[in-house]
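Pasted below: structure39.cif, mmCIF, C-alpha atoms.
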data_entry
#
loop_
_atom_site.label_atom_id
_atom_site.label_comp_id
_atom_site.auth_asym_id
_atom_site.auth_seq_id
_atom_site.Cartn_x
_atom_site.Cartn_y
_atom_site.Cartn_z
CA MET Q 27 -9.97 -132.92 201.22
CA ILE Q 28 -9.73 -129.35 202.53
CA GLN Q 29 -10.94 -130.66 205.82
CA TYR Q 30 -8.22 -133.32 205.85
CA ILE Q 31 -5.56 -130.73 205.03
CA MET Q 32 -6.81 -128.51 207.86
CA GLN Q 33 -6.65 -131.50 210.13
CA ILE Q 34 -3.00 -132.38 209.46
CA LEU Q 35 -1.73 -128.83 208.92
CA PRO Q 36 -1.08 -128.04 212.61
CA ALA Q 37 1.22 -131.06 212.87
CA LEU Q 38 3.03 -130.08 209.68
CA LEU Q 39 3.44 -126.49 210.84
CA ALA Q 40 4.81 -127.67 214.18
CA GLY Q 41 7.32 -129.70 212.18
CA THR Q 42 8.11 -126.63 210.07
CA LYS Q 43 8.88 -124.75 213.26
CA MET Q 44 11.49 -127.35 214.17
CA THR Q 45 12.93 -127.26 210.64
CA LEU Q 46 13.20 -123.46 210.79
CA SER Q 47 14.74 -123.52 214.23
CA ILE Q 48 17.51 -125.85 213.03
CA PHE Q 49 17.91 -123.77 209.89
CA PHE Q 50 18.30 -120.40 211.62
CA TRP Q 51 20.49 -121.53 214.49
CA THR Q 52 22.81 -123.37 212.13
CA LEU Q 53 23.16 -120.27 209.95
CA ILE Q 54 23.58 -117.87 212.86
CA CYS Q 55 26.39 -119.98 214.33
CA SER Q 56 28.06 -121.46 211.24
CA ILE Q 57 28.52 -118.35 209.12
CA PRO Q 58 30.56 -116.37 211.69
CA LEU Q 59 32.42 -119.52 212.78
CA GLY Q 60 33.18 -120.34 209.15
CA ALA Q 61 34.54 -116.83 208.58
CA ILE Q 62 36.80 -117.10 211.63
CA LEU Q 63 38.06 -120.56 210.58
CA ALA Q 64 38.73 -119.21 207.10
CA LEU Q 65 41.03 -116.56 208.62
CA GLY Q 66 42.90 -119.48 210.20
CA LEU Q 67 43.01 -121.34 206.88
CA VAL Q 68 44.67 -118.38 205.15
CA SER Q 69 47.08 -117.72 208.03
CA ASN Q 70 50.79 -118.52 207.92
CA PHE Q 71 50.67 -120.64 211.08
CA LYS Q 72 51.19 -124.10 209.58
CA PRO Q 73 50.01 -126.30 212.50
CA LEU Q 74 46.72 -124.38 212.65
CA VAL Q 75 46.23 -124.67 208.89
CA TRP Q 76 46.90 -128.40 209.15
CA VAL Q 77 44.41 -128.94 211.99
CA LEU Q 78 41.75 -126.93 210.17
CA ASN Q 79 42.32 -128.84 206.95
CA VAL Q 80 41.85 -132.14 208.77
CA TYR Q 81 38.65 -130.80 210.33
CA ASP Q 82 37.42 -129.69 206.92
CA TRP Q 83 38.28 -133.02 205.40
CA LEU Q 84 36.42 -134.96 208.11
CA MET Q 85 33.32 -132.78 207.98
CA ARG Q 86 33.09 -132.55 204.22
CA GLY Q 87 34.33 -136.06 203.56
CA THR Q 88 31.74 -137.97 205.59
CA PRO Q 89 27.95 -137.88 205.27
CA LEU Q 90 26.12 -135.42 207.49
CA LEU Q 91 23.78 -138.32 208.26
CA LEU Q 92 26.70 -140.29 209.71
CA GLN Q 93 27.76 -137.27 211.76
CA LEU Q 94 24.25 -136.92 213.18
CA ILE Q 95 24.08 -140.58 214.12
CA PHE Q 96 27.61 -140.43 215.53
CA VAL Q 97 26.81 -137.47 217.81
CA PHE Q 98 23.48 -138.77 219.04
CA TYR Q 99 23.89 -142.56 219.13
CA GLY Q 100 27.68 -142.90 219.07
CA LEU Q 101 29.02 -140.40 221.59
CA PRO Q 102 26.91 -141.70 224.55
CA VAL Q 103 29.03 -144.88 224.31
CA ILE Q 104 31.97 -142.82 225.58
CA GLY Q 105 29.80 -140.92 228.04
CA ILE Q 106 29.02 -137.79 226.03
CA ILE Q 107 25.26 -137.47 226.00
CA PHE Q 108 23.30 -134.84 224.07
CA GLN Q 109 19.56 -134.25 223.99
CA ARG Q 110 18.12 -134.88 220.52
CA TYR Q 111 17.88 -131.22 219.59
CA ASP Q 112 21.34 -130.39 220.96
CA ALA Q 113 22.84 -133.33 219.09
CA ALA Q 114 21.30 -132.04 215.86
CA MET Q 115 22.64 -128.54 216.51
CA VAL Q 116 26.16 -129.81 217.24
CA ALA Q 117 26.28 -131.95 214.10
CA PHE Q 118 24.78 -129.30 211.82
CA ILE Q 119 26.91 -126.43 213.11
CA LEU Q 120 30.15 -128.45 212.90
CA ASN Q 121 29.29 -129.65 209.42
CA TYR Q 122 28.14 -126.35 207.95
CA THR Q 123 30.99 -124.42 209.55
CA ALA Q 124 33.39 -126.57 207.50
CA TYR Q 125 31.57 -125.77 204.26
CA PHE Q 126 31.33 -122.05 205.04
CA ALA Q 127 35.01 -121.97 206.03
CA GLU Q 128 36.00 -123.32 202.61
CA ILE Q 129 33.77 -120.78 200.87
CA PHE Q 130 35.20 -117.90 202.91
CA ARG Q 131 38.75 -119.15 202.38
CA GLY Q 132 38.24 -118.91 198.64
CA GLY Q 133 36.76 -115.44 199.14
CA PHE Q 134 39.68 -114.22 201.25
CA GLN Q 135 42.17 -115.52 198.73
CA SER Q 136 40.50 -113.72 195.87
CA VAL Q 137 41.01 -110.29 197.47
CA PRO Q 138 44.13 -108.99 195.67
CA ARG Q 139 47.31 -108.67 197.71
CA GLY Q 140 47.52 -105.07 196.53
CA GLN Q 141 44.47 -104.25 198.63
CA PHE Q 142 46.31 -105.35 201.78
CA GLU Q 143 49.39 -103.38 200.74
CA SER Q 144 47.34 -100.35 199.94
CA ALA Q 145 45.78 -100.52 203.41
CA ARG Q 146 49.18 -101.10 204.94
CA VAL Q 147 50.82 -97.99 203.47
CA LEU Q 148 47.82 -96.03 204.74
CA ARG Q 149 48.78 -97.62 208.06
CA LEU Q 150 45.47 -99.31 208.80
CA THR Q 151 45.86 -102.12 211.33
CA TYR Q 152 45.24 -105.74 210.30
CA GLY Q 153 41.88 -105.66 212.11
CA GLN Q 154 40.81 -102.43 210.41
CA THR Q 155 41.87 -103.81 207.03
CA ILE Q 156 39.87 -106.99 207.56
CA ARG Q 157 36.78 -105.16 208.79
CA LYS Q 158 36.61 -102.22 206.41
CA ILE Q 159 38.15 -103.59 203.23
CA VAL Q 160 38.43 -107.36 203.16
CA ILE Q 161 35.13 -108.48 204.68
CA PRO Q 162 32.93 -106.29 202.44
CA GLN Q 163 34.75 -107.60 199.37
CA VAL Q 164 34.68 -111.21 200.56
CA PHE Q 165 30.98 -110.92 201.39
CA LYS Q 166 30.20 -109.93 197.83
CA ILE Q 167 32.39 -112.65 196.33
CA VAL Q 168 30.98 -115.48 198.48
CA LEU Q 169 27.31 -114.47 198.33
CA PRO Q 170 26.27 -116.86 195.51
CA SER Q 171 28.07 -119.83 197.12
CA ILE Q 172 26.61 -119.03 200.53
CA GLY Q 173 23.20 -118.91 198.84
CA ASN Q 174 23.67 -122.46 197.58
CA GLU Q 175 24.52 -123.71 201.03
CA VAL Q 176 21.57 -121.89 202.58
CA ILE Q 177 19.19 -123.65 200.22
CA ASN Q 178 20.91 -126.98 200.83
CA LEU Q 179 20.51 -126.42 204.55
CA VAL Q 180 16.73 -126.07 204.28
CA LYS Q 181 16.63 -129.55 202.76
CA ASP Q 182 19.45 -131.08 204.81
CA SER Q 183 17.56 -130.20 207.98
CA SER Q 184 15.24 -133.11 207.16
CA LEU Q 185 18.07 -135.48 208.15
CA VAL Q 186 17.29 -134.86 211.83
CA TYR Q 187 14.43 -137.28 211.21
CA VAL Q 188 16.93 -140.10 211.82
CA ILE Q 189 17.50 -139.14 215.46
CA GLY Q 190 13.78 -138.85 216.10
CA LEU Q 191 13.32 -135.08 216.04
CA GLY Q 192 9.86 -133.96 214.97
CA ASP Q 193 10.68 -131.87 211.91
CA LEU Q 194 8.56 -131.18 208.85
CA LEU Q 195 9.47 -134.38 207.00
CA ARG Q 196 8.78 -136.56 210.01
CA ALA Q 197 5.40 -134.91 210.57
CA GLY Q 198 4.46 -135.64 206.95
CA ASN Q 199 5.74 -139.18 207.07
CA VAL Q 200 3.83 -139.94 210.25
CA ALA Q 201 0.60 -138.64 208.75
CA THR Q 202 1.09 -140.60 205.51
CA ALA Q 203 1.77 -143.85 207.36
CA ARG Q 204 -1.25 -143.33 209.64
CA ASP Q 205 -3.79 -142.22 207.04
CA VAL Q 206 -2.43 -144.07 204.00
CA SER Q 207 -2.59 -140.90 201.93
CA LEU Q 208 -0.20 -139.08 199.59
CA VAL Q 209 -1.55 -135.66 200.61
CA PRO Q 210 0.74 -135.12 203.61
CA LEU Q 211 3.88 -135.81 201.56
CA VAL Q 212 2.71 -133.48 198.79
CA LEU Q 213 2.07 -130.78 201.40
CA VAL Q 214 5.54 -131.36 202.84
CA GLY Q 215 6.99 -130.86 199.37
CA ILE Q 216 5.02 -127.65 198.92
CA ILE Q 217 6.20 -126.27 202.27
CA TYR Q 218 9.85 -127.05 201.41
CA LEU Q 219 9.38 -125.34 198.05
CA ALA Q 220 7.91 -122.29 199.78
CA LEU Q 221 10.83 -122.15 202.23
CA THR Q 222 13.46 -122.39 199.51
CA ALA Q 223 11.57 -119.83 197.42
CA VAL Q 224 11.67 -117.35 200.31
CA CYS Q 225 15.41 -118.01 200.73
CA THR Q 226 16.01 -117.46 197.03
CA ILE Q 227 14.11 -114.16 197.03
CA VAL Q 228 15.91 -112.88 200.13
CA LEU Q 229 19.30 -113.86 198.67
CA LYS Q 230 18.48 -112.13 195.40
CA MET Q 231 17.59 -108.97 197.33
CA ILE Q 232 20.87 -109.06 199.27
CA GLU Q 233 22.78 -109.66 196.04
CA LYS Q 234 21.08 -106.73 194.37
CA ARG Q 235 21.90 -104.48 197.28
CA SER Q 236 25.56 -105.54 197.18
CA ASN Q 237 25.75 -104.57 193.53
CA VAL Q 238 26.07 -100.83 194.21
CA TRP Q 239 29.82 -101.33 193.75
CA ARG Q 240 31.80 -103.68 191.55
CA MET K 15 65.28 -84.12 203.40
CA LEU K 16 65.15 -87.88 202.92
CA GLU K 17 68.38 -89.84 203.13
CA ILE K 18 68.81 -93.50 202.35
CA LYS K 19 72.13 -94.99 203.35
CA GLY K 20 73.59 -98.33 202.35
CA LEU K 21 70.35 -100.04 201.42
CA THR K 22 70.73 -103.70 200.51
CA LYS K 23 67.83 -105.95 199.63
CA LYS K 24 68.05 -109.65 198.86
CA PHE K 25 65.41 -112.15 197.88
CA GLY K 26 66.90 -115.40 199.09
CA SER K 27 70.42 -115.45 197.74
CA LYS K 28 69.66 -113.00 194.93
CA THR K 29 70.77 -109.44 195.66
CA VAL K 30 68.37 -106.99 194.04
CA ILE K 31 69.69 -103.77 195.54
CA ASN K 32 73.29 -103.54 196.73
CA ASP K 33 74.52 -100.80 199.07
CA PHE K 34 72.32 -98.13 197.54
CA SER K 35 72.37 -94.57 198.86
CA MET K 36 70.41 -91.53 197.79
CA THR K 37 69.32 -88.16 199.08
CA VAL K 38 66.07 -86.46 198.17
CA ALA K 39 66.02 -82.76 198.98
CA ASP K 40 62.88 -81.02 200.26
CA ASN K 41 60.48 -79.88 197.59
CA GLU K 42 62.35 -81.86 194.96
CA ILE K 43 61.06 -84.33 192.41
CA MET K 44 63.32 -87.33 192.20
CA ALA K 45 62.85 -89.77 189.35
CA ILE K 46 64.17 -93.29 189.72
CA VAL K 47 64.71 -94.81 186.29
CA GLY K 48 66.22 -97.98 184.96
CA PRO K 49 65.40 -101.03 182.90
CA SER K 50 62.77 -103.56 183.90
CA GLY K 51 64.03 -105.91 186.58
CA ALA K 52 66.61 -103.45 187.87
CA GLY K 53 64.87 -103.23 191.22
CA LYS K 54 63.13 -99.85 190.86
CA THR K 55 59.88 -101.10 192.27
CA THR K 56 61.69 -103.10 194.95
CA LEU K 57 63.49 -99.91 195.97
CA LEU K 58 60.15 -98.11 196.22
CA ARG K 59 58.68 -101.01 198.20
CA CYS K 60 61.57 -100.71 200.66
CA ILE K 61 61.05 -96.95 201.02
CA THR K 62 57.33 -97.45 201.59
CA GLY K 63 57.87 -100.24 204.12
CA LEU K 64 56.30 -103.03 202.08
CA GLU K 65 59.63 -104.88 202.00
CA ARG K 66 62.04 -105.30 204.87
CA VAL K 67 65.61 -104.29 203.99
CA ASN K 68 68.60 -106.56 204.66
CA ALA K 69 70.83 -103.59 205.48
CA GLY K 70 70.63 -99.82 205.39
CA ALA K 71 68.96 -96.95 207.15
CA PHE K 72 66.41 -94.25 206.38
CA TYR K 73 66.61 -90.71 207.74
CA TRP K 74 64.04 -87.95 207.58
CA ASN K 75 65.66 -84.57 208.37
CA GLY K 76 68.52 -86.36 210.06
CA LYS K 77 66.28 -88.52 212.22
CA GLN K 78 66.27 -92.24 211.55
CA PHE K 79 62.94 -93.92 210.86
CA ASP K 80 61.74 -97.41 210.04
CA PRO K 81 59.35 -97.52 207.08
CA VAL K 82 58.10 -100.98 208.12
CA ASN K 83 57.02 -99.76 211.58
CA PRO K 84 56.15 -96.12 211.06
CA ASP K 85 55.28 -93.67 213.80
CA LYS K 86 51.52 -93.67 214.32
CA ASN K 87 51.15 -89.91 214.38
CA ASP K 88 53.57 -88.86 211.70
CA THR K 89 53.22 -89.96 208.10
CA ILE K 90 56.46 -89.63 206.19
CA ILE K 91 55.71 -91.63 203.08
CA GLY K 92 52.58 -91.70 200.93
CA VAL K 93 52.19 -94.02 197.94
CA VAL K 94 50.32 -94.06 194.64
CA PHE K 95 50.43 -97.60 193.26
CA GLN K 96 50.81 -98.49 189.62
CA ASP K 97 47.33 -100.01 189.57
CA TYR K 98 46.06 -97.46 192.15
CA GLN K 99 44.52 -100.12 194.43
CA LEU K 100 41.51 -98.04 195.38
CA PHE K 101 39.10 -99.90 197.64
CA PRO K 102 36.26 -100.96 195.31
CA ASN K 103 33.74 -101.26 198.15
CA LEU K 104 34.11 -97.62 199.21
CA THR K 105 33.10 -94.42 197.44
CA VAL K 106 35.69 -91.87 196.38
CA MET K 107 35.05 -90.01 199.64
CA GLY K 108 35.20 -93.26 201.63
CA ASN K 109 38.54 -94.17 200.07
CA ILE K 110 40.01 -90.82 201.04
CA THR K 111 38.61 -90.43 204.54
CA LEU K 112 39.09 -94.02 205.74
CA ALA K 113 42.71 -93.77 206.90
CA PRO K 114 42.62 -90.22 208.32
CA THR K 115 39.60 -91.08 210.49
CA LEU K 116 40.75 -94.57 211.55
CA VAL K 117 44.51 -94.04 211.83
CA LYS K 118 44.85 -90.38 212.70
CA LYS K 119 41.54 -90.32 214.59
CA LEU K 120 40.60 -87.02 213.01
CA GLY K 121 36.98 -85.86 213.12
CA ALA K 122 34.83 -86.85 210.13
CA ASP K 123 33.83 -83.22 209.38
CA GLU K 124 37.39 -81.99 209.30
CA VAL K 125 38.57 -84.90 207.15
CA GLU K 126 35.73 -84.48 204.66
CA LYS K 127 36.44 -80.77 204.35
CA THR K 128 40.09 -81.43 203.55
CA ALA K 129 39.14 -84.22 201.14
CA THR K 130 36.62 -82.04 199.30
CA ALA K 131 39.22 -79.31 198.87
CA LEU K 132 41.81 -81.79 197.59
CA LEU K 133 39.32 -83.36 195.16
CA GLU K 134 38.40 -79.91 193.90
CA ARG K 135 42.05 -79.08 193.37
CA LEU K 136 42.62 -82.21 191.26
CA GLY K 137 39.52 -81.64 189.17
CA LEU K 138 37.43 -84.32 190.84
CA GLY K 139 34.75 -82.06 192.30
CA GLY K 140 31.34 -83.76 192.31
CA LYS K 141 32.78 -87.29 192.15
CA GLU K 142 32.67 -87.79 195.93
CA ASN K 143 29.90 -90.36 195.92
CA LEU K 144 30.96 -92.43 192.93
CA TYR K 145 32.51 -95.87 193.32
CA PRO K 146 35.92 -96.62 191.76
CA TYR K 147 34.40 -98.75 188.97
CA GLN K 148 32.56 -95.64 187.77
CA LEU K 149 35.81 -93.70 187.21
CA SER K 150 38.24 -93.63 184.28
CA GLY K 151 41.86 -94.71 184.76
CA GLY K 152 43.10 -91.14 185.05
CA GLN K 153 40.40 -90.28 187.59
CA LYS K 154 41.25 -93.35 189.64
CA GLN K 155 44.86 -92.28 189.72
CA ARG K 156 43.93 -88.82 190.92
CA VAL K 157 41.73 -90.30 193.64
CA ALA K 158 44.72 -92.43 194.67
CA ILE K 159 46.82 -89.27 194.82
CA VAL K 160 44.22 -87.49 196.94
CA ARG K 161 43.92 -90.54 199.20
CA ALA K 162 47.68 -90.46 199.81
CA LEU K 163 47.71 -86.67 200.29
CA ALA K 164 44.91 -86.84 202.84
CA MET K 165 47.33 -88.54 205.23
CA ASN K 166 49.52 -85.47 204.91
CA PRO K 167 52.76 -87.26 204.00
CA LYS K 168 56.15 -85.54 203.77
CA ILE K 169 57.02 -87.44 200.61
CA LEU K 170 54.70 -88.79 197.94
CA CYS K 171 55.90 -91.81 195.95
CA TYR K 172 54.55 -92.99 192.60
CA ASP K 173 55.13 -96.42 191.10
CA GLU K 174 55.08 -96.22 187.28
CA PRO K 175 52.46 -93.47 187.18
CA THR K 176 52.29 -93.39 183.38
CA SER K 177 52.24 -97.08 182.57
CA ALA K 178 48.46 -97.42 182.44
CA LEU K 179 47.73 -94.04 180.86
CA ASP K 180 47.43 -92.88 177.26
CA PRO K 181 49.75 -90.06 176.06
CA ALA K 182 47.35 -87.20 176.78
CA LEU K 183 46.86 -88.36 180.35
CA ARG K 184 50.62 -88.72 180.69
CA ASP K 185 50.97 -84.96 180.35
CA GLU K 186 48.12 -84.47 182.77
CA VAL K 187 49.77 -86.49 185.53
CA ALA K 188 53.05 -84.65 184.85
CA GLN K 189 51.15 -81.42 185.43
CA ILE K 190 49.68 -82.72 188.69
CA ILE K 191 53.13 -83.71 189.92
CA LEU K 192 54.53 -80.28 189.03
CA ASP K 193 51.57 -78.54 190.70
CA LEU K 194 52.16 -80.50 193.87
CA LYS K 195 55.78 -79.43 193.77
CA LYS K 196 54.62 -75.81 193.79
CA GLN K 197 52.80 -76.67 197.00
CA LYS K 198 56.11 -77.84 198.47
CA MET K 199 55.52 -81.56 198.16
CA THR K 200 58.61 -83.74 197.91
CA GLN K 201 58.03 -86.51 195.40
CA ILE K 202 59.70 -89.72 194.23
CA VAL K 203 58.65 -91.11 190.86
CA VAL K 204 59.65 -94.60 189.79
CA THR K 205 59.34 -94.93 186.04
CA HIS K 206 60.81 -96.67 183.01
CA ASP K 207 59.66 -93.72 180.89
CA MET K 208 62.77 -91.58 180.41
CA ASP K 209 60.94 -88.75 178.60
CA PHE K 210 58.46 -88.47 181.41
CA ALA K 211 61.27 -88.50 183.97
CA LYS K 212 63.08 -85.68 182.14
CA ASN K 213 59.83 -83.70 182.00
CA VAL K 214 59.05 -83.73 185.68
CA ALA K 215 62.20 -84.50 187.62
CA ASP K 216 64.70 -82.17 189.24
CA GLU K 217 67.04 -85.06 189.62
CA ILE K 218 67.22 -88.46 188.00
CA GLN K 219 68.58 -91.47 189.80
CA GLN K 220 69.59 -94.35 187.60
CA VAL K 221 69.40 -97.89 188.93
CA GLU K 222 71.19 -100.68 187.12
CA GLN K 223 70.61 -104.37 187.13
CA ILE K 224 73.04 -106.18 189.39
CA GLN K 225 74.99 -108.80 187.49
#

What would the structure in this file look like if it were written as structure tokens?
Amino acid sequence: MIQYIMQILPALLAGTKMTLSIFFWTLICSIPLGAILALGLVSNFKPLVWVLNVYDWLMRGTPLLLQLIFVFYGLPVIGIIFQRYDAAMVAFILNYTAYFAEIFRGGFQSVPRGQFESARVLRLTYGQTIRKIVIPQVFKIVLPSIGNEVINLVKDSSLVYVIGLGDLLRAGNVATARDVSLVPLVLVGIIYLALTAVCTIVLKMIEKRSNVWR
Amino acid sequence: MLEIKGLTKKFGSKTVINDFSMTVADNEIMAIVGPSGAGKTTLLRCITGLERVNAGAFYWNGKQFDPVNPDKNDTIIGVVFQDYQLFPNLTVMGNITLAPTLVKKLGADEVEKTATALLERLGLGGKENLYPYQLSGGQKQRVAIVRALAMNPKILCYDEPTSALDPALRDEVAQIILDLKKQKMTQIVVTHDMDFAKNVADEIQQVEQIQ
């Protein structure tokens, strides 16, 4: 048994590496992009708000699985060709940016108008107000919702399986099919649990640190 | 001396302030009183540049200025809001030093020295590193006053400074306003509290609801 685990572990860990790579790159790109889009969503420029709302609706209203398939198998039909990994990144970043934008929009709107006015009579610029006053408050407000999405992302990353990327789930599935054994799938489950546990702990730590003010 | 001439403010077709003029002398405390809905707060919001006026002009010592687009290097108006609007994510010191360092580009040492002295003067010594949620209502108000003073304004405006305070603290804020007058600060107090206005003000300006 132990010997079997040792035998399949390298393949599973290689898959984990792919899972983590999708996870981190999606987060690193989507969170800032989402924050910027949210600024657009709360702006007074109606055409921009409209375009962003349509984008949000498309991304949140269709399955991520469809978006993945669309980018990798669909777009080549009109001559836009992505490598597997790039296709996954494009689909994940576009999708998660939409979710993060909605979360940040809610956060921006829950900062009282008086805070902006207070900054304005002190003659801070819009940029200074956003950086020093709004973003720290929004960050604290959105933290729990961001945490949810982060954990979802760990699991959603398994969808890349459908475009043939060798992630954790695929590695487990391959081993199970080859060896007719449940062990690989159980190990896959344990690794996902470990990943989400680490995320939960890190998020809790960040939340605790942000609780120095209320 | 602050002069306001012919100020008119409309919201849509509703005129809230009609051809209003007033003069506030240096080192004077001017109370603006009137019933709810008479446009006291709107008047203050026009003076502080939070609302654009439909007509009228503002003069400081004979020189016209625009509260909405104030001169970067010269603060004329400082404000203490009714609900203070301290920044919850910054400490007391952070609240006070933020604008002087970012807007006036003053050195951090200099700003902190001034802030510490001001805090001391308003009985807030030792509270520098607390966050707003750790302060009482009266303390928050005094931090808001110090934050406004740190920008070195010519005129300090208060919107309903007594509305959130119990009677004992009402006298305390009256005392602070009178102390600041001794230090040659010109002040405008918007209030519905006639007794308070009579206590602190050199002059009382009545505003009436427009029919």

Within 12 Å of Cys60 in chain K, counting all atoms listed in the file, which residues show up once you throw out same-chain ones fewer than 2 positions away? Write them as a CSV table (one decimal) with C-alpha atoms, in the coordinates of the input, please.
chain,number,residue,atom,x,y,z
Q,147,VAL,CA,50.8,-98.0,203.5
K,18,ILE,CA,68.8,-93.5,202.4
K,21,LEU,CA,70.4,-100.0,201.4
K,22,THR,CA,70.7,-103.7,200.5
K,23,LYS,CA,67.8,-106.0,199.6
K,24,LYS,CA,68.0,-109.6,198.9
K,30,VAL,CA,68.4,-107.0,194.0
K,31,ILE,CA,69.7,-103.8,195.5
K,34,PHE,CA,72.3,-98.1,197.5
K,53,GLY,CA,64.9,-103.2,191.2
K,54,LYS,CA,63.1,-99.8,190.9
K,55,THR,CA,59.9,-101.1,192.3
K,56,THR,CA,61.7,-103.1,195.0
K,57,LEU,CA,63.5,-99.9,196.0
K,58,LEU,CA,60.2,-98.1,196.2
K,62,THR,CA,57.3,-97.4,201.6
K,63,GLY,CA,57.9,-100.2,204.1
K,64,LEU,CA,56.3,-103.0,202.1
K,65,GLU,CA,59.6,-104.9,202.0
K,66,ARG,CA,62.0,-105.3,204.9
K,67,VAL,CA,65.6,-104.3,204.0
K,68,ASN,CA,68.6,-106.6,204.7
K,69,ALA,CA,70.8,-103.6,205.5
K,70,GLY,CA,70.6,-99.8,205.4
K,71,ALA,CA,69.0,-97.0,207.2
K,72,PHE,CA,66.4,-94.2,206.4
K,80,ASP,CA,61.7,-97.4,210.0
K,81,PRO,CA,59.4,-97.5,207.1
K,82,VAL,CA,58.1,-101.0,208.1
K,83,ASN,CA,57.0,-99.8,211.6
K,91,ILE,CA,55.7,-91.6,203.1
K,93,VAL,CA,52.2,-94.0,197.9
K,171,CYS,CA,55.9,-91.8,196.0

Exercise for review: Please provide as a PyMOL selection string all residues within 9 Å of Asp40 in chain K, with the sequence filter that same-chain residues fewer than 3 positions apart are discarded (counting all atoms listed in the file).
Suggested key: chain K and resi 15-16+43+168-169+198-201

Check your understanding: Which one is closest to chain K: Q:Met32, Q:Ile172, Q:Ala145, Q:Ile54? Count only C-alpha atoms.
Key ->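 Residue with the minimum atom-to-atom distance to chain K: Q:Ala145.
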
Check your understanding: Residues at most 12 Å from Val117 in chain K, counting all atoms listed in the file, excluding those fewer than 6 positions away in the same chain, as a PyMOL selection string?
Key -> (chain Q and resi 145-155) or (chain K and resi 84-89+111+125+164-165)

Given 4 Å of margin on each side, can you work out the centre and size in Å (one decimal) of an axis-aligned box holding every listed atom of range 145-157 of chain Q, as AutoDock Vina command-line options?
--center_x 43.8 --center_y -101.5 --center_z 207.8 --size_x 22.0 --size_y 19.0 --size_z 16.7

**Study point:** Picked residues, the PyMOL selection byres ((chain Q and resi 46) around 12), expected as a PyMOL selection string
**Key:** chain Q and resi 39-45+47-54+176+179-184+192-194+217-218+221-222+225

If you count all atoms listed in the file, which residues fall within 10 Å of range 66-80 of chain Q, apart from same-chain ones fewer than 2 positions away, as a PDB file with C-alpha atoms, in the coordinates of the input?
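Okay, result.pdb is ready:
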ATOM      1  CA  GLY Q  60      33.180-120.340 209.150  1.00  0.00           C
ATOM      2  CA  ALA Q  61      34.540-116.830 208.580  1.00  0.00           C
ATOM      3  CA  ILE Q  62      36.800-117.100 211.630  1.00  0.00           C
ATOM      4  CA  LEU Q  63      38.060-120.560 210.580  1.00  0.00           C
ATOM      5  CA  ALA Q  64      38.730-119.210 207.100  1.00  0.00           C
ATOM      6  CA  ASP Q  82      37.420-129.690 206.920  1.00  0.00           C
ATOM      7  CA  TRP Q  83      38.280-133.020 205.400  1.00  0.00           C
ATOM      8  CA  LEU Q  84      36.420-134.960 208.110  1.00  0.00           C
ATOM      9  CA  MET Q  85      33.320-132.780 207.980  1.00  0.00           C
ATOM     10  CA  ARG Q  86      33.090-132.550 204.220  1.00  0.00           C
ATOM     11  CA  GLY Q  87      34.330-136.060 203.560  1.00  0.00           C
ATOM     12  CA  ALA Q 124      33.390-126.570 207.500  1.00  0.00           C
ATOM     13  CA  ALA Q 127      35.010-121.970 206.030  1.00  0.00           C
ATOM     14  CA  GLU Q 128      36.000-123.320 202.610  1.00  0.00           C
ATOM     15  CA  PHE Q 130      35.200-117.900 202.910  1.00  0.00           C
ATOM     16  CA  ARG Q 131      38.750-119.150 202.380  1.00  0.00           C
ATOM     17  CA  GLY Q 132      38.240-118.910 198.640  1.00  0.00           C
ATOM     18  CA  PHE Q 134      39.680-114.220 201.250  1.00  0.00           C
ATOM     19  CA  GLN Q 135      42.170-115.520 198.730  1.00  0.00           C
TER      20      GLN Q 135
END

**Study point:** Selection near Lys141 in chain K, 9 Å with only C-alpha atoms, sequence-local residues under 6 positions removed, as a ChimeraX atom specification
**Key:** /K:105-107,133,149

Point to revise | the PyMOL selection byres ((chain Q and resi 237-240) around 7) applied to the shown file, residues as a count of residues only | key: 8

Exercise for review: Rank K:Ala45, K:Gly51, K:Phe25, K:Glu134 by their smallest atom-to-atom distance to Asn213 in chain K, using only C-alpha atoms, and report the top residue only.
Suggested key: K:Ala45

Check your understanding: What is the CA of Leu170 in chain K to CA of Arg184 in chain K distance in Å?
Key ->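 Those two atoms sit 17.7 Å apart.
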
Review point. Smallest atom-to-atom distance to chain Q: which of K:Met36, K:Ile46, K:Leu163, K:Leu179, using all atoms listed in the file?
Key: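 Of the candidates, the smallest distance to chain Q is held by K:Leu163.
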
**Study point:** Hits from the PyMOL selection byres ((chain K and resi 154) around 10), listed as a ChimeraX atom specification
**Key:** /K:97-100,106,138,145-153,155-160

Practice item. Could you tell me which of Q:Leu229, Q:Ile161, Q:Ala201, Q:Ile107 comes closest to chain K if we count only C-alpha atoms? Key: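 Using only C-alpha atoms, chain K sits closest to Q:Ile161.
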
Practice item. Would you mind reading off the distance between CA of Asn143 in chain K and CA of Pro175 in chain K, one decimal, in Å? Key: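 Interatomic distance, CA of Asn143 in chain K to CA of Pro175 in chain K: 24.4 Å.
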